[in-house]
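**Q** So I've got this file, entry.txt, and it contains compact mmCIF, C-alpha atoms:
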# COMPACT_ATOMS: atom_id res chain seq x y z
CA MET A 1 -7.64 -35.53 -7.76
CA GLU A 2 -4.99 -35.95 -5.05
CA ILE A 3 -5.85 -34.34 -1.73
CA ASN A 4 -3.06 -32.70 0.21
CA LYS A 5 -3.29 -34.37 3.60
CA SER A 6 -0.79 -31.93 5.12
CA SER A 7 -3.41 -29.15 5.19
CA GLY A 8 -4.24 -28.11 8.74
CA VAL A 9 -1.10 -29.78 10.19
CA ASP A 10 1.62 -27.73 11.86
CA PHE A 11 4.92 -27.41 10.02
CA ILE A 12 8.36 -27.64 11.62
CA LEU A 13 10.76 -24.81 10.73
CA LEU A 14 14.18 -26.46 10.85
CA GLY A 15 16.01 -23.14 10.54
CA PHE A 16 19.45 -23.46 12.12
CA SER A 17 18.61 -26.56 14.20
CA SER A 18 21.54 -28.40 12.59
CA ARG A 19 23.81 -25.96 14.44
CA PRO A 20 22.07 -25.39 17.80
CA GLN A 21 25.19 -23.78 19.30
CA LEU A 22 24.75 -20.85 16.90
CA GLU A 23 21.03 -20.26 17.46
CA HIS A 24 21.40 -17.79 20.36
CA ILE A 25 24.11 -15.82 18.55
CA ILE A 26 22.01 -15.69 15.36
CA SER A 27 18.93 -14.63 17.36
CA VAL A 28 20.83 -11.67 18.88
CA ILE A 29 22.15 -10.59 15.48
CA VAL A 30 18.68 -10.92 13.88
CA PHE A 31 17.08 -8.97 16.76
CA ILE A 32 19.59 -6.11 16.35
CA PHE A 33 19.02 -5.95 12.59
CA TYR A 34 15.24 -6.03 13.16
CA ILE A 35 15.39 -3.07 15.58
CA VAL A 36 17.54 -1.14 13.09
CA THR A 37 15.00 -1.96 10.34
CA LEU A 38 12.07 -0.77 12.47
CA VAL A 39 13.73 2.46 13.62
CA GLY A 40 15.35 3.32 10.28
CA ASN A 41 12.37 2.70 8.02
CA THR A 42 9.87 4.26 10.45
CA THR A 43 12.09 7.36 10.60
CA ILE A 44 12.13 7.68 6.80
CA ILE A 45 8.32 7.34 6.62
CA LEU A 46 7.74 9.93 9.38
CA VAL A 47 10.33 12.41 8.10
CA SER A 48 9.01 12.16 4.53
CA TYR A 49 5.49 12.83 5.81
CA LEU A 50 6.27 15.59 8.32
CA ASP A 51 8.78 17.65 6.33
CA ALA A 52 7.16 19.64 3.52
CA GLN A 53 10.42 19.88 1.56
CA LEU A 54 10.42 16.09 1.17
CA HIS A 55 6.95 15.99 -0.42
CA THR A 56 8.46 14.94 -3.74
CA PRO A 57 8.05 11.82 -5.91
CA MET A 58 11.43 10.44 -4.81
CA TYR A 59 10.50 10.45 -1.11
CA PHE A 60 6.96 9.27 -1.85
CA PHE A 61 8.48 6.17 -3.48
CA LEU A 62 11.09 5.86 -0.72
CA SER A 63 8.36 5.94 1.94
CA ASN A 64 6.55 3.11 0.17
CA LEU A 65 9.81 1.15 -0.06
CA SER A 66 10.37 1.64 3.68
CA PHE A 67 6.80 0.50 4.42
CA VAL A 68 7.35 -2.62 2.29
CA ASP A 69 10.58 -3.39 4.17
CA LEU A 70 8.84 -2.92 7.53
CA CYS A 71 6.03 -5.31 6.60
CA TYR A 72 8.40 -7.78 4.95
CA THR A 73 10.69 -8.22 7.95
CA THR A 74 7.77 -8.19 10.41
CA SER A 75 6.15 -11.08 8.52
CA ILE A 76 9.30 -13.17 9.11
CA VAL A 77 11.40 -12.05 12.09
CA PRO A 78 8.98 -12.35 15.10
CA GLN A 79 8.19 -16.01 14.32
CA MET A 80 11.87 -16.64 13.62
CA LEU A 81 12.92 -15.21 17.00
CA VAL A 82 10.27 -17.27 18.81
CA ASN A 83 11.65 -20.43 17.20
CA LEU A 84 15.27 -19.49 17.90
CA TRP A 85 14.62 -18.69 21.56
CA GLY A 86 12.39 -21.67 22.35
CA GLN A 87 12.33 -25.42 21.95
CA ASN A 88 9.18 -25.39 19.84
CA LYS A 89 10.08 -24.90 16.17
CA SER A 90 6.57 -25.33 14.80
CA ILE A 91 4.35 -22.96 12.83
CA THR A 92 0.68 -23.55 12.09
CA TYR A 93 -0.43 -24.35 8.55
CA GLY A 94 -2.34 -21.05 8.39
CA GLY A 95 0.63 -19.14 9.78
CA CYS A 96 2.91 -20.72 7.19
CA VAL A 97 0.54 -19.82 4.34
CA LEU A 98 0.28 -16.21 5.54
CA GLN A 99 4.04 -15.89 6.00
CA PHE A 100 4.66 -17.38 2.56
CA PHE A 101 2.02 -15.17 0.92
CA PHE A 102 3.21 -11.88 2.46
CA ALA A 103 6.87 -12.65 1.77
CA LEU A 104 6.03 -13.23 -1.92
CA ASP A 105 3.70 -10.25 -2.15
CA LEU A 106 6.05 -7.76 -0.50
CA GLY A 107 9.17 -9.12 -2.23
CA ALA A 108 7.58 -8.78 -5.70
CA THR A 109 6.24 -5.32 -4.81
CA GLU A 110 9.75 -4.18 -3.81
CA CYS A 111 11.13 -5.42 -7.15
CA LEU A 112 8.65 -3.24 -9.04
CA LEU A 113 9.09 -0.25 -6.70
CA LEU A 114 12.84 -0.23 -7.26
CA ALA A 115 12.20 -0.11 -11.02
CA VAL A 116 9.74 2.77 -10.55
CA MET A 117 12.35 4.63 -8.48
CA ALA A 118 14.90 4.18 -11.27
CA TYR A 119 12.47 5.79 -13.73
CA ASP A 120 11.99 8.67 -11.26
CA ARG A 121 15.78 9.21 -11.13
CA TYR A 122 15.91 9.11 -14.94
CA ALA A 123 13.22 11.79 -15.19
CA ALA A 124 14.93 13.95 -12.53
CA VAL A 125 18.38 13.80 -14.14
CA CYS A 126 17.60 13.59 -17.86
CA GLN A 127 14.41 15.68 -17.99
CA PRO A 128 14.88 18.22 -15.15
CA LEU A 129 12.83 20.99 -16.79
CA HIS A 130 9.86 18.67 -17.35
CA TYR A 131 10.27 16.62 -14.16
CA THR A 132 7.26 18.00 -12.30
CA VAL A 133 5.09 17.51 -15.38
CA ILE A 134 6.28 13.94 -16.01
CA MET A 135 6.18 12.79 -12.36
CA HIS A 136 2.89 14.39 -11.37
CA PRO A 137 1.17 13.05 -8.20
CA VAL A 138 -1.52 11.05 -10.04
CA LEU A 139 1.09 9.17 -12.10
CA CYS A 140 3.18 8.49 -8.98
CA GLN A 141 0.16 7.07 -7.18
CA LYS A 142 -0.74 4.88 -10.17
CA MET A 143 2.82 3.55 -10.39
CA VAL A 144 2.88 2.66 -6.70
CA LEU A 145 -0.59 1.09 -6.90
CA SER A 146 0.50 -0.96 -9.91
CA SER A 147 3.53 -2.19 -7.96
CA TRP A 148 1.35 -3.30 -5.04
CA LEU A 149 -1.22 -4.97 -7.31
CA GLY A 150 1.51 -6.69 -9.33
CA GLY A 151 3.04 -8.11 -6.16
CA LEU A 152 -0.38 -9.22 -4.94
CA GLY A 153 -1.19 -10.99 -8.21
CA SER A 154 2.11 -12.90 -8.32
CA ALA A 155 1.74 -13.92 -4.67
CA LEU A 156 -1.77 -15.27 -5.23
CA ILE A 157 -0.62 -17.38 -8.20
CA LEU A 158 2.52 -18.81 -6.62
CA CYS A 159 1.01 -19.31 -3.17
CA SER A 160 -2.01 -21.23 -4.49
CA LEU A 161 0.11 -23.43 -6.79
CA THR A 162 2.78 -24.18 -4.17
CA MET A 163 0.42 -24.98 -1.29
CA LYS A 164 -1.56 -27.39 -3.50
CA LEU A 165 1.53 -29.57 -4.09
CA PRO A 166 1.16 -32.97 -2.36
CA ARG A 167 3.62 -33.31 0.51
CA CYS A 168 2.83 -36.90 1.49
CA GLY A 169 2.90 -36.07 5.19
CA HIS A 170 6.18 -34.14 5.08
CA ARG A 171 6.12 -31.39 7.72
CA GLU A 172 9.72 -30.18 7.96
CA VAL A 173 10.48 -26.87 6.22
CA ASP A 174 14.22 -26.69 5.63
CA ASN A 175 14.49 -22.97 6.32
CA PHE A 176 13.82 -20.42 9.07
CA PHE A 177 10.56 -19.28 7.45
CA CYS A 178 8.03 -20.56 4.93
CA GLU A 179 9.76 -19.65 1.69
CA MET A 180 8.92 -20.99 -1.75
CA PRO A 181 12.11 -23.02 -2.51
CA ALA A 182 11.85 -24.82 0.84
CA LEU A 183 8.12 -25.54 0.39
CA ILE A 184 8.64 -26.85 -3.14
CA LYS A 185 11.37 -29.19 -1.88
CA MET A 186 8.82 -30.64 0.60
CA ALA A 187 6.62 -31.86 -2.26
CA CYS A 188 6.76 -35.57 -3.05
CA VAL A 189 6.08 -34.99 -6.77
CA TYR A 190 7.87 -32.98 -9.44
CA SER A 191 5.76 -30.15 -10.90
CA ARG A 192 6.82 -28.91 -14.32
CA VAL A 193 3.98 -26.37 -14.25
CA ILE A 194 5.15 -24.60 -11.11
CA GLU A 195 8.74 -24.59 -12.40
CA ILE A 196 7.60 -22.81 -15.57
CA VAL A 197 5.42 -20.36 -13.60
CA VAL A 198 8.27 -19.56 -11.18
CA PHE A 199 10.68 -18.97 -14.06
CA THR A 200 8.16 -16.81 -15.96
CA LEU A 201 7.33 -14.67 -12.93
CA GLY A 202 11.05 -14.49 -12.14
CA VAL A 203 11.63 -12.97 -15.57
CA ILE A 204 8.70 -10.54 -15.13
CA PHE A 205 9.52 -9.43 -11.58
CA LEU A 206 13.30 -9.76 -11.55
CA LEU A 207 14.95 -9.67 -14.97
CA VAL A 208 12.60 -7.20 -16.70
CA PRO A 209 12.65 -4.58 -13.88
CA LEU A 210 16.42 -5.02 -13.51
CA SER A 211 16.86 -4.52 -17.27
CA LEU A 212 14.79 -1.32 -17.12
CA ILE A 213 16.86 -0.13 -14.16
CA LEU A 214 20.12 -0.77 -16.00
CA ILE A 215 18.81 1.01 -19.12
CA SER A 216 17.73 3.99 -16.98
CA TYR A 217 21.15 4.20 -15.36
CA GLY A 218 22.86 3.84 -18.72
CA VAL A 219 21.01 6.96 -19.92
CA ILE A 220 21.61 8.69 -16.55
CA THR A 221 25.35 8.00 -16.82
CA GLN A 222 25.46 9.68 -20.24
CA ALA A 223 23.58 12.70 -18.85
CA VAL A 224 25.82 12.92 -15.76
CA MET A 225 28.95 13.06 -17.92
CA LYS A 226 27.60 16.25 -19.49
CA ILE A 227 26.94 18.01 -16.16
CA LYS A 228 29.47 20.80 -15.58
CA SER A 229 28.28 21.88 -12.13
CA ALA A 230 30.30 19.94 -9.52
CA ARG A 231 27.63 20.53 -6.84
CA ARG A 232 24.79 19.14 -8.99
CA TRP A 233 27.03 16.31 -10.18
CA ARG A 234 27.67 15.21 -6.56
CA LYS A 235 23.96 15.45 -5.70
CA VAL A 236 23.02 13.24 -8.65
CA LEU A 237 25.65 10.68 -7.69
CA ASN A 238 24.48 10.64 -4.06
CA THR A 239 20.80 10.00 -4.82
CA CYS A 240 21.42 7.64 -7.73
CA GLY A 241 24.28 5.89 -5.95
CA SER A 242 22.05 5.11 -2.96
CA HIS A 243 19.36 3.60 -5.15
CA LEU A 244 21.86 1.62 -7.22
CA THR A 245 23.43 0.18 -4.05
CA VAL A 246 20.02 -1.01 -2.80
CA VAL A 247 19.21 -2.47 -6.22
CA THR A 248 22.49 -4.41 -6.30
CA LEU A 249 21.98 -5.86 -2.81
CA PHE A 250 18.33 -6.80 -3.31
CA TYR A 251 18.25 -8.01 -6.91
CA GLY A 252 21.64 -9.72 -6.72
CA THR A 253 20.65 -12.09 -3.91
CA LEU A 254 17.10 -12.67 -5.21
CA ILE A 255 18.20 -13.52 -8.75
CA TYR A 256 20.82 -15.90 -7.37
CA MET A 257 18.18 -17.67 -5.25
CA TYR A 258 15.20 -17.73 -7.62
CA MET A 259 16.67 -17.85 -11.13
CA LYS A 260 19.26 -20.51 -10.38
CA PRO A 261 18.17 -24.22 -10.42
CA GLN A 262 17.26 -25.13 -6.83
CA ASN A 263 19.17 -28.41 -6.87
CA THR A 264 22.46 -26.54 -7.46
CA ILE A 265 22.16 -24.43 -4.27
CA SER A 266 23.59 -25.95 -1.08
CA HIS A 267 21.71 -25.80 2.23
CA GLU A 268 24.17 -23.42 3.92
CA GLU A 269 24.42 -21.26 0.81
CA GLY A 270 20.64 -20.95 0.55
CA GLN A 271 20.25 -20.02 4.21
CA PHE A 272 22.95 -17.36 3.97
CA PHE A 273 21.43 -15.64 0.93
CA THR A 274 17.91 -15.91 2.37
CA LEU A 275 19.08 -14.40 5.66
CA PHE A 276 20.79 -11.60 3.75
CA TYR A 277 17.86 -10.41 1.62
CA THR A 278 15.20 -10.93 4.31
CA ILE A 279 17.00 -9.55 7.37
CA VAL A 280 20.12 -7.59 6.39
CA THR A 281 19.04 -5.70 3.25
CA PRO A 282 15.86 -4.10 4.78
CA SER A 283 17.98 -2.75 7.65
CA LEU A 284 20.62 -1.35 5.28
CA ASN A 285 18.17 0.49 3.00
CA PRO A 286 17.43 3.40 5.40
CA LEU A 287 21.12 3.67 6.34
CA ILE A 288 22.18 3.79 2.67
CA TYR A 289 19.61 6.47 1.83
CA THR A 290 20.16 8.65 4.90
CA LEU A 291 23.95 8.48 5.19
CA ARG A 292 24.40 9.63 1.59
CA ASN A 293 21.51 12.06 1.52
CA LYS A 294 21.74 15.56 2.97
CA ASP A 295 18.04 16.26 2.34
CA VAL A 296 16.99 13.58 4.85
CA LYS A 297 19.63 14.67 7.38
CA ASN A 298 18.51 18.31 7.15
CA ALA A 299 14.84 17.29 7.39
CA VAL A 300 15.53 15.36 10.61
CA LYS A 301 17.34 18.41 12.02
CA ARG A 302 14.41 20.68 11.12
CA ILE A 303 11.87 18.35 12.70
CA LEU A 304 13.93 17.97 15.87
CA GLY A 305 14.64 21.71 15.96
CA ILE A 306 18.42 21.22 15.91
CA ASP A 307 18.89 23.95 13.28
CA LYS A 308 17.15 26.51 15.49
CA LEU A 309 19.26 25.54 18.49
CA SER A 310 22.45 25.82 16.43
CA ALA A 311 21.37 29.25 15.17
CA LYS A 312 20.75 30.49 18.72
CA VAL A 313 24.14 29.23 19.86
Using structure tokens, write down the structure that the file contains.

**A**
Amino acid sequence: MEINKSSGVDFILLGFSSRPQLEHIISVIVFIFYIVTLVGNTTIILVSYLDAQLHTPMYFFLSNLSFVDLCYTTSIVPQMLVNLWGQNKSITYGGCVLQFFFALDLGATECLLLAVMAYDRYAAVCQPLHYTVIMHPVLCQKMVLSSWLGGLGSALILCSLTMKLPRCGHREVDNFFCEMPALIKMACVYSRVIEIVVFTLGVIFLLVPLSLILISYGVITQAVMKIKSARRWRKVLNTCGSHLTVVTLFYGTLIYMYMKPQNTISHEEGQFFTLFYTIVTPSLNPLIYTLRNKDVKNAVKRILGIDKLSAKV
């Protein structure tokens, strides 16, 4: 049995070190997106909890999605900013394992949550009279729990397999955080097993949920075409359109990165897509949901007391 001698040794996160002149600019952009992610997702969680009118399955799932995005970016961005601002680009072995594990866990959980949210939209649009019966609280909790456990299981499998790969003393991670493609490239041996496992889990957590989402929206589209009320038609498009936009941004970049052969993706291309789905997408999610959703806007006004002030004026 070959022992991985890299265990316990710090890794070097190369990040954008090939273009040092851009590091400060990138750090400012990443910091701004991180603040937007923190404020936006925290707002959705608090508003969904504090406003009684938002105690519905849709906002229960949305709160979980926001929590996932908060944890996901927080597992990556602080270390990334430290490395961008300082000369030291290292991360401890334990820190790398934790970062890798949580990125996998939370990313897989988000994939499943987005599929669950698509089913919720299907039930709301296509089965409106039975919606409260279908999406009862116990079922919603079980669906969310299954998403979290599914993400945890996939992360445990991939993390254990990847970190056991012999690296022959290689310490340089060709990315700005400990991500699976970069860690696999560090290995000094080719592993057919991990390639099969990655592809299989990619099908389970990416292609299958995306297929279910597309089927749900196919049925929703047929139902929407039959709606005669213009007001209800617009409301359906707003809520479903927001979710579909998030799905496109998240799944599109992930499938491109994980389902495409790694040797066909260039360094710059990989960094761009990784930066997009780890930093940009989590900050856009709350904006997409709130800008197109009057329920959230009205809930914020009620909590802040703006409606009462307007009424007095």

**Q** For atom CA of Phe67 of chain A and atom CA of Val47 of chain A, quote the distance in Å rounded to one decimal.

**A**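 The value is 13.0 Å.
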
**Q** Give as a PyMOL selection string the set of residues within 12 Å of the point (11.8, -17.5, -13.8), where distances use the file's coordinates and all atoms listed in the file.

**A** chain A and resi 158+193-208+254-262

**Q** Do you have the atom CA of Phe101 of chain A-atom CA of Tyr49 of chain A distance handy?

**A**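 Separating atom CA of Phe101 of chain A from atom CA of Tyr49 of chain A is a distance of 28.6 Å.
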
**Q** For a quick check of understanding, using only C-alpha atoms, which of A:Gln271, A:Asn238, A:Ser154, A:Ser63 has the smallest distance to Thr253 of chain A?

**A**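 The closest residue to Thr253 of chain A is A:Gln271.
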
**Q** Hey, can you check how far atom CA of Ile35 of chain A sits from atom CA of Pro286 of chain A?

**A**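 So the two atoms, atom CA of Ile35 of chain A and atom CA of Pro286 of chain A, lie 12.2 Å apart.
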
**Q** Might you pull out every residue within 10 Å of Asp10 of chain A, with only C-alpha atoms counted and same-chain residues fewer than 3 positions away left off, and present them as a ChimeraX atom specification?

**A** /A:6-7,13,89-96,171-172

**Q** Could you dump the residues just selected with C-alpha atoms as a PDB file, in the frame of the given file?

**A**
ATOM      1  CA  SER A   6      -0.790 -31.930   5.120  1.00  0.00           C
ATOM      2  CA  SER A   7      -3.410 -29.150   5.190  1.00  0.00           C
ATOM      3  CA  LEU A  13      10.760 -24.810  10.730  1.00  0.00           C
ATOM      4  CA  LYS A  89      10.080 -24.900  16.170  1.00  0.00           C
ATOM      5  CA  SER A  90       6.570 -25.330  14.800  1.00  0.00           C
ATOM      6  CA  ILE A  91       4.350 -22.960  12.830  1.00  0.00           C
ATOM      7  CA  THR A  92       0.680 -23.550  12.090  1.00  0.00           C
ATOM      8  CA  TYR A  93      -0.430 -24.350   8.550  1.00  0.00           C
ATOM      9  CA  GLY A  94      -2.340 -21.050   8.390  1.00  0.00           C
ATOM     10  CA  GLY A  95       0.630 -19.140   9.780  1.00  0.00           C
ATOM     11  CA  CYS A  96       2.910 -20.720   7.190  1.00  0.00           C
ATOM     12  CA  ARG A 171       6.120 -31.390   7.720  1.00  0.00           C
ATOM     13  CA  GLU A 172       9.720 -30.180   7.960  1.00  0.00           C
TER      14      GLU A 172
END

**Q** Out of A:Cys140, A:Ala187, A:Ala155, A:Leu114, which residue has the shortest atom-to-atom distance to His55 of chain A when counting all atoms listed in the file?

**A** A:Cys140

**Q** Ranking A:Leu112, A:Leu287, A:Met117, A:Ala52 by minimum distance to Leu145 of chain A and counting only C-alpha atoms, which one comes first?

**A**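 Result for the nearest residue to Leu145 of chain A: A:Leu112.
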
**Q** Using only C-alpha atoms, pick whichever of A:Asp295, A:Glu110, A:Asp69, A:Asp51 has the shortest atom-to-atom distance to Pro209 of chain A.

**A**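 For Pro209 of chain A, the nearest of the candidates is A:Glu110.
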
**Q** Output as a Markdown table one row per residue of segment 8-104 of chain A within 9 Å of segment 159-164 of chain A: the closest atom pair and its distance in Å to one decimal place, counting all atoms listed in the file, sorted by chain and residue number ascending.

**A**
| residue | atom | partner | partner_atom | distance |
| --- | --- | --- | --- | --- |
| A:Val97 | CA | A:Cys159 | CA | 7.5 |
| A:Phe100 | CA | A:Cys159 | CA | 7.1 |
| A:Phe101 | CA | A:Cys159 | CA | 5.9 |
| A:Leu104 | CA | A:Cys159 | CA | 8.0 |

**Q** Check the smallest atom-to-atom distance from each of A:Val125, A:Ile25, A:Leu183, A:Ala115 to Gln222 of chain A using all atoms listed in the file, then report the winner.

**A**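 Looking only at the distances to Gln222 of chain A, the closest residue turns out to be A:Val125.
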
**Q** Rank nothing, just name the residue among A:Val173, A:Leu129, A:Ala124, A:Ala299 nearest to Lys185 of chain A, using all atoms listed in the file.

**A**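 For Lys185 of chain A, the nearest of the candidates is A:Val173.
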
**Q** With a distance cut-off of 10 Å and all atoms listed in the file, select the neighbouring residues of Leu149 of chain A, excluding the residue or stretch itself and same-chain residues fewer than 5 positions from it, and output the selection as a count of residues only.

**A** 7

**Q** Take the point (18.4, -2.0, 5.2) as written in the file and pick out every residue within 9 Å of it, counting all atoms listed in the file; give the list as a VMD selection string.

**A** chain A and resid 33 36 to 37 40 to 41 66 69 246 279 to 288

**Q** Excluding Val236 of chain A and its own-chain neighbours fewer than 6 positions away, which residues fall within 12 Å of it when counting all atoms listed in the file? Please give them as number ranges by chain.

**A** A: 121-126, 128, 217, 220-221, 223-225, 227, 229-230, 242-244, 292-294

**Q** Would you export the selected residues with C-alpha atoms as a PDB file, in the frame of the given file, please?

**A**
ATOM      1  CA  ARG A 121      15.780   9.210 -11.130  1.00  0.00           C
ATOM      2  CA  TYR A 122      15.910   9.110 -14.940  1.00  0.00           C
ATOM      3  CA  ALA A 123      13.220  11.790 -15.190  1.00  0.00           C
ATOM      4  CA  ALA A 124      14.930  13.950 -12.530  1.00  0.00           C
ATOM      5  CA  VAL A 125      18.380  13.800 -14.140  1.00  0.00           C
ATOM      6  CA  CYS A 126      17.600  13.590 -17.860  1.00  0.00           C
ATOM      7  CA  PRO A 128      14.880  18.220 -15.150  1.00  0.00           C
ATOM      8  CA  TYR A 217      21.150   4.200 -15.360  1.00  0.00           C
ATOM      9  CA  ILE A 220      21.610   8.690 -16.550  1.00  0.00           C
ATOM     10  CA  THR A 221      25.350   8.000 -16.820  1.00  0.00           C
ATOM     11  CA  ALA A 223      23.580  12.700 -18.850  1.00  0.00           C
ATOM     12  CA  VAL A 224      25.820  12.920 -15.760  1.00  0.00           C
ATOM     13  CA  MET A 225      28.950  13.060 -17.920  1.00  0.00           C
ATOM     14  CA  ILE A 227      26.940  18.010 -16.160  1.00  0.00           C
ATOM     15  CA  SER A 229      28.280  21.880 -12.130  1.00  0.00           C
ATOM     16  CA  ALA A 230      30.300  19.940  -9.520  1.00  0.00           C
ATOM     17  CA  SER A 242      22.050   5.110  -2.960  1.00  0.00           C
ATOM     18  CA  HIS A 243      19.360   3.600  -5.150  1.00  0.00           C
ATOM     19  CA  LEU A 244      21.860   1.620  -7.220  1.00  0.00           C
ATOM     20  CA  ARG A 292      24.400   9.630   1.590  1.00  0.00           C
ATOM     21  CA  ASN A 293      21.510  12.060   1.520  1.00  0.00           C
ATOM     22  CA  LYS A 294      21.740  15.560   2.970  1.00  0.00           C
TER      23      LYS A 294
END

**Q** If we count only C-alpha atoms, what is near Val296 of chain A at a cut-off of 9 Å, once residues fewer than 6 positions away on the same chain are taken out, given as a list in words?

**A**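 The contact residues come out as Ile44, Val47, Ser48, Leu54, Tyr289 and Thr290 of chain A.
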
**Q** Produce the centre coordinates and the three edge lengths, each in Å to one decimal, of the box along x, y and z that contains all listed atoms of segment 249-253 of chain A with 8 Å added on each side, as JSON.

**A**
{"center_x": 20.1, "center_y": -9.0, "center_z": -4.9, "size_x": 19.7, "size_y": 22.2, "size_z": 20.1}

**Q** Kindly reconstruct segment 124-146 of chain A with N, CA and C atoms and present the result as a CSV table (one decimal), in the frame of the given file.

**A**
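Full text of selection.csv as output:
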chain,number,residue,atom,x,y,z
A,124,ALA,N,14.3,12.8,-13.3
A,124,ALA,CA,14.9,14.0,-12.5
A,124,ALA,C,16.2,14.4,-13.1
A,125,VAL,N,17.1,13.5,-13.6
A,125,VAL,CA,18.4,13.8,-14.1
A,125,VAL,C,18.3,14.2,-15.6
A,126,CYS,N,17.6,13.4,-16.4
A,126,CYS,CA,17.6,13.6,-17.9
A,126,CYS,C,16.5,14.6,-18.4
A,127,GLN,N,15.5,14.8,-17.6
A,127,GLN,CA,14.4,15.7,-18.0
A,127,GLN,C,14.1,16.7,-16.9
A,128,PRO,N,15.1,17.4,-16.3
A,128,PRO,CA,14.9,18.2,-15.2
A,128,PRO,C,13.8,19.3,-15.3
A,129,LEU,N,13.8,19.9,-16.5
A,129,LEU,CA,12.8,21.0,-16.8
A,129,LEU,C,11.4,20.5,-16.9
A,130,HIS,N,11.2,19.2,-17.2
A,130,HIS,CA,9.9,18.7,-17.4
A,130,HIS,C,9.5,17.7,-16.2
A,131,TYR,N,10.4,17.6,-15.2
A,131,TYR,CA,10.3,16.6,-14.2
A,131,TYR,C,8.9,16.7,-13.4
A,132,THR,N,8.5,17.9,-13.0
A,132,THR,CA,7.3,18.0,-12.3
A,132,THR,C,6.0,17.7,-13.2
A,133,VAL,N,6.2,17.9,-14.5
A,133,VAL,CA,5.1,17.5,-15.4
A,133,VAL,C,5.0,16.0,-15.6
A,134,ILE,N,6.2,15.4,-15.8
A,134,ILE,CA,6.3,13.9,-16.0
A,134,ILE,C,5.8,13.2,-14.8
A,135,MET,N,6.5,13.5,-13.6
A,135,MET,CA,6.2,12.8,-12.4
A,135,MET,C,5.1,13.5,-11.5
A,136,HIS,N,4.0,13.7,-12.1
A,136,HIS,CA,2.9,14.4,-11.4
A,136,HIS,C,2.3,13.4,-10.4
A,137,PRO,N,1.7,13.9,-9.3
A,137,PRO,CA,1.2,13.0,-8.2
A,137,PRO,C,0.3,11.9,-8.6
A,138,VAL,N,-0.6,12.1,-9.6
A,138,VAL,CA,-1.5,11.0,-10.0
A,138,VAL,C,-0.7,9.9,-10.6
A,139,LEU,N,0.3,10.2,-11.5
A,139,LEU,CA,1.1,9.2,-12.1
A,139,LEU,C,1.9,8.4,-11.0
A,140,CYS,N,2.4,9.1,-10.1
A,140,CYS,CA,3.2,8.5,-9.0
A,140,CYS,C,2.3,7.5,-8.2
A,141,GLN,N,1.1,7.9,-7.9
A,141,GLN,CA,0.2,7.1,-7.2
A,141,GLN,C,-0.2,5.8,-8.0
A,142,LYS,N,-0.4,6.0,-9.3
A,142,LYS,CA,-0.7,4.9,-10.2
A,142,LYS,C,0.4,3.9,-10.3
A,143,MET,N,1.6,4.4,-10.3
A,143,MET,CA,2.8,3.6,-10.4
A,143,MET,C,3.0,2.7,-9.1
A,144,VAL,N,2.8,3.4,-8.0
A,144,VAL,CA,2.9,2.7,-6.7
A,144,VAL,C,1.8,1.6,-6.6
A,145,LEU,N,0.6,2.0,-7.0
A,145,LEU,CA,-0.6,1.1,-6.9
A,145,LEU,C,-0.3,-0.1,-7.8
A,146,SER,N,0.2,0.1,-9.0
A,146,SER,CA,0.5,-1.0,-9.9
A,146,SER,C,1.5,-1.9,-9.3
